[in-house]
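What follows is coords.csv (CSV, C-alpha atoms).
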chain,number,residue,atom,x,y,z
A,3,MET,CA,42.3,49.7,-66.7
A,4,ASN,CA,45.7,48.7,-66.0
A,5,GLY,CA,46.4,45.6,-63.9
A,6,ASP,CA,43.7,46.2,-61.2
A,7,THR,CA,41.2,43.6,-62.4
A,8,PRO,CA,41.9,40.1,-60.9
A,9,ALA,CA,42.8,37.4,-63.4
A,10,PRO,CA,40.1,34.8,-63.9
A,11,LYS,CA,40.5,31.8,-61.7
A,12,LYS,CA,41.4,28.5,-63.3
A,13,ARG,CA,39.0,25.7,-62.3
A,14,ASN,CA,40.6,22.6,-61.2
A,15,TRP,CA,38.6,20.0,-63.2
A,16,LEU,CA,40.5,17.1,-61.9
A,17,ALA,CA,39.5,17.9,-58.3
A,18,ILE,CA,35.8,18.2,-59.4
A,19,ILE,CA,35.9,14.9,-61.3
A,20,LEU,CA,37.6,13.1,-58.4
A,21,GLY,CA,35.1,14.6,-55.9
A,22,VAL,CA,32.2,13.3,-58.1
A,23,LEU,CA,33.7,9.9,-58.3
A,24,LEU,CA,34.3,9.8,-54.6
A,25,LEU,CA,30.6,10.7,-54.0
A,26,PHE,CA,29.4,8.0,-56.3
A,27,GLY,CA,31.8,5.5,-54.6
A,28,MET,CA,30.4,6.4,-51.2
A,29,LEU,CA,26.8,6.1,-52.5
A,30,ALA,CA,27.6,2.6,-53.9
A,31,VAL,CA,29.1,1.4,-50.6
A,32,GLY,CA,26.0,2.8,-48.8
A,33,CYS,CA,23.7,0.9,-51.2
A,34,VAL,CA,25.6,-2.3,-50.6
A,35,VAL,CA,25.4,-1.9,-46.8
A,36,VAL,CA,21.7,-1.2,-46.9
A,37,ALA,CA,21.1,-4.2,-49.2
A,38,VAL,CA,23.1,-6.5,-46.9
A,39,SER,CA,21.3,-5.2,-43.9
A,40,PHE,CA,17.9,-5.6,-45.5
A,41,PHE,CA,18.7,-9.2,-46.6
A,42,ARG,CA,19.9,-10.2,-43.2
A,43,GLN,CA,16.7,-8.9,-41.6
A,44,SER,CA,14.5,-10.7,-44.2
A,45,LEU,CA,16.3,-14.0,-43.9
A,46,GLU,CA,16.0,-16.5,-41.1
A,47,ILE,CA,17.9,-19.8,-41.0
A,48,THR,CA,17.1,-22.5,-38.5
A,49,GLU,CA,19.7,-25.2,-38.2
A,50,ASN,CA,19.4,-28.8,-36.9
A,51,ILE,CA,15.6,-29.0,-37.4
A,52,ASN,CA,14.0,-32.4,-38.0
A,53,GLU,CA,11.5,-33.3,-40.7
A,54,ASP,CA,8.6,-33.3,-38.3
A,55,ASN,CA,9.2,-29.8,-37.1
A,56,ALA,CA,9.7,-28.6,-40.7
A,57,LYS,CA,6.5,-30.3,-41.7
A,58,SER,CA,4.6,-28.5,-39.0
A,59,GLU,CA,6.0,-25.2,-40.4
A,60,PHE,CA,4.7,-26.1,-43.8
A,61,ASP,CA,1.4,-27.2,-42.5
A,62,ALA,CA,1.0,-23.9,-40.7
A,63,VAL,CA,1.5,-22.0,-44.0
A,64,LEU,CA,-1.0,-24.3,-45.9
A,65,ALA,CA,-3.5,-23.8,-43.1
A,66,LYS,CA,-3.7,-20.1,-43.9
A,67,PHE,CA,-5.1,-21.0,-47.4
A,68,PRO,CA,-7.3,-24.1,-46.9
A,69,GLY,CA,-8.1,-26.0,-50.0
A,70,GLN,CA,-6.3,-23.6,-52.3
A,71,GLN,CA,-4.3,-25.1,-55.2
A,72,PRO,CA,-0.8,-23.6,-55.8
A,73,LEU,CA,-0.6,-21.2,-58.7
A,74,ILE,CA,2.3,-23.2,-60.1
A,75,GLN,CA,2.7,-26.9,-59.8
A,76,ILE,CA,5.5,-29.3,-61.0
A,77,ARG,CA,3.9,-31.8,-63.4
A,78,ASP,CA,6.1,-34.3,-65.2
A,79,GLY,CA,9.2,-32.5,-63.9
A,80,ARG,CA,8.1,-29.1,-65.4
A,81,PRO,CA,6.5,-26.1,-63.7
A,82,GLU,CA,3.1,-25.1,-65.1
A,83,LEU,CA,0.3,-22.7,-64.2
A,84,VAL,CA,-2.7,-24.4,-62.6
A,85,PRO,CA,-5.7,-23.7,-64.9
A,86,GLU,CA,-8.2,-23.5,-62.0
A,87,ARG,CA,-6.2,-20.6,-60.5
A,88,ALA,CA,-5.3,-19.0,-63.8
A,89,SER,CA,-9.0,-18.6,-64.7
A,90,GLN,CA,-10.1,-17.0,-61.5
A,91,THR,CA,-11.5,-13.5,-61.3
A,92,PRO,CA,-8.8,-10.9,-60.4
A,93,SER,CA,-8.3,-10.2,-56.7
A,94,GLN,CA,-8.7,-6.7,-55.3
A,95,THR,CA,-6.3,-7.3,-52.4
A,96,THR,CA,-3.0,-5.5,-52.5
A,97,LEU,CA,-0.2,-7.9,-51.8
A,98,LYS,CA,2.5,-6.7,-49.3
A,99,THR,CA,5.0,-9.6,-49.0
A,100,LEU,CA,6.2,-12.7,-50.9
A,101,HIS,CA,7.3,-15.4,-48.4
A,102,VAL,CA,9.6,-18.4,-49.1
A,103,ILE,CA,10.1,-21.3,-46.7
A,104,ALA,CA,12.5,-24.0,-47.7
A,105,PHE,CA,13.7,-27.1,-45.9
A,106,ASP,CA,16.9,-29.0,-46.9
A,107,SER,CA,16.5,-32.5,-45.5
A,108,ASP,CA,20.2,-33.3,-46.1
A,109,GLU,CA,21.5,-30.4,-44.0
A,110,GLY,CA,18.5,-30.1,-41.6
A,111,HIS,CA,18.1,-26.4,-42.4
A,112,LEU,CA,14.9,-24.5,-42.5
A,113,VAL,CA,15.1,-21.1,-44.3
A,114,ASN,CA,12.4,-18.3,-44.1
A,115,LEU,CA,12.7,-15.4,-46.5
A,116,SER,CA,10.3,-12.5,-46.8
A,117,ILE,CA,10.5,-10.1,-49.8
A,118,PRO,CA,8.4,-6.9,-49.9
A,119,PHE,CA,6.2,-6.7,-53.0
A,120,TRP,CA,7.3,-3.1,-53.7
A,121,LEU,CA,10.7,-4.6,-54.5
A,122,LEU,CA,9.2,-7.3,-56.8
A,123,ARG,CA,7.2,-4.7,-58.6
A,124,MET,CA,10.5,-3.1,-59.7
A,125,LYS,CA,11.3,-6.2,-61.8
A,126,SER,CA,10.4,-5.9,-65.4
A,127,GLY,CA,9.9,-8.9,-67.5
A,128,PRO,CA,8.8,-12.4,-66.6
A,129,ILE,CA,9.8,-14.3,-63.5
A,130,ARG,CA,11.5,-17.6,-64.4
A,131,ILE,CA,11.3,-20.7,-62.3
A,132,SER,CA,14.2,-22.9,-63.1
A,133,ALA,CA,17.0,-24.9,-61.6
A,134,TYR,CA,18.9,-26.2,-64.7
A,135,GLN,CA,21.4,-28.1,-62.6
A,136,GLN,CA,18.5,-30.2,-61.1
A,137,GLY,CA,16.8,-30.8,-64.4
A,138,TRP,CA,14.0,-28.2,-64.0
A,139,ASP,CA,13.2,-26.0,-66.9
A,140,ASP,CA,10.9,-23.0,-67.2
A,141,HIS,CA,9.5,-23.8,-70.7
A,142,GLY,CA,5.8,-23.2,-70.7
A,143,VAL,CA,5.7,-21.1,-67.6
A,144,SER,CA,6.1,-17.4,-68.0
A,145,PHE,CA,4.5,-15.1,-65.4
A,146,ARG,CA,5.0,-11.6,-64.1
A,147,VAL,CA,4.5,-10.0,-60.7
A,148,GLU,CA,1.2,-8.7,-62.0
A,149,ASP,CA,0.0,-12.4,-62.5
A,150,ILE,CA,0.7,-13.1,-58.8
A,151,GLU,CA,-1.1,-9.9,-57.8
A,152,LYS,CA,-4.1,-10.8,-60.0
A,153,HIS,CA,-4.5,-14.0,-58.0
A,154,GLY,CA,-4.2,-12.3,-54.7
A,155,PRO,CA,-3.0,-13.9,-51.4
A,156,GLY,CA,-2.2,-17.5,-51.6
A,157,ILE,CA,0.1,-20.3,-52.4
A,158,ILE,CA,2.3,-19.7,-55.4
A,159,ALA,CA,4.3,-22.9,-55.5
A,160,ASP,CA,4.6,-26.0,-53.3
A,161,VAL,CA,7.4,-28.2,-54.4
A,162,THR,CA,8.7,-31.4,-52.7
A,163,ARG,CA,11.8,-33.2,-54.0
A,164,PRO,CA,12.0,-36.6,-52.3
A,165,GLY,CA,15.2,-37.0,-50.4
A,166,GLU,CA,16.1,-33.3,-50.9
A,167,GLY,CA,13.5,-31.1,-49.3
A,168,ARG,CA,10.5,-28.9,-49.8
A,169,VAL,CA,9.8,-25.3,-50.8
A,170,ILE,CA,6.6,-23.2,-50.5
A,171,LEU,CA,6.2,-19.7,-51.9
A,172,TRP,CA,3.2,-17.7,-50.9
A,173,ALA,CA,1.9,-14.1,-51.1
A,174,GLU,CA,0.2,-12.1,-48.4
Please express what this file holds, its structure, as structure tokens.
Amino acid sequence: MNGDTPAPKKRNWLAIILGVLLLFGMLAVGCVVVAVSFFRQSLEITENINEDNAKSEFDAVLAKFPGQQPLIQIRDGRPELVPERASQTPSQTTLKTLHVIAFDSDEGHLVNLSIPFWLLRMKSGPIRISAYQQGWDDHGVSFRVEDIEKHGPGIIADVTRPGEGRVILWAE
């Protein structure tokens, strides 16, 4: 056995590490592109809309759930769960989408956003409702996606801020 056997090849670890980093970088960029595309398809902004047209949009949403109290109401400046809805028997309906419609009366913009429930189900921990810069606080309200699913389709929140606008969240 003189010099006929080939020498073992040296692996180029630097090239392997760079290749793996490049792969992860491409995956990250792909995820960002998919997220931006998904968000753009789920979001619709209508500009230069007057309050009467916005009110008719809100009324159309409320008409889907006649007489139903929102699951969360703002009382004394704080969000709280409505006891009548919180004590209902659990719904057997599988929710598919969380919708948000918001009107900014200063800008005249109406925003529609739809979020699939499978995406919300990925969130662990409670959902917090707060806007600290506007003086809202989430003390006393702690709920999870499961709480929304328990109550089934319906209005989650209907908040009107005089001179600022209105927001309705509902699940279907």
Sphere at (16.2, -22.8, -40.6), radius 12 Å, counting only C-alpha atoms: residues as a ChimeraX atom specification: /A:45-53,55-56,59,102-107,109-115
Residue among A:Asn14, A:Thr95, A:Gln75, A:Gln43 lying closest to A:Gly154, counting all atoms listed in the file: A:Thr95
Pairwise distance for atom CA of A:Glu151 and atom CA of A:Leu64, rounded to one decimal in Å: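 Answer for the atom CA of A:Glu151 to atom CA of A:Leu64 separation: 18.7 Å.
For the pair atom CA of A:Asp149 and atom CA of A:Ile117, the separation is 16.6 Å.
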d(atom CA of A:Pro72, atom CA of A:Ile158) in Å: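 Result for atom CA of A:Pro72 versus atom CA of A:Ile158: 5.0 Å, one decimal.
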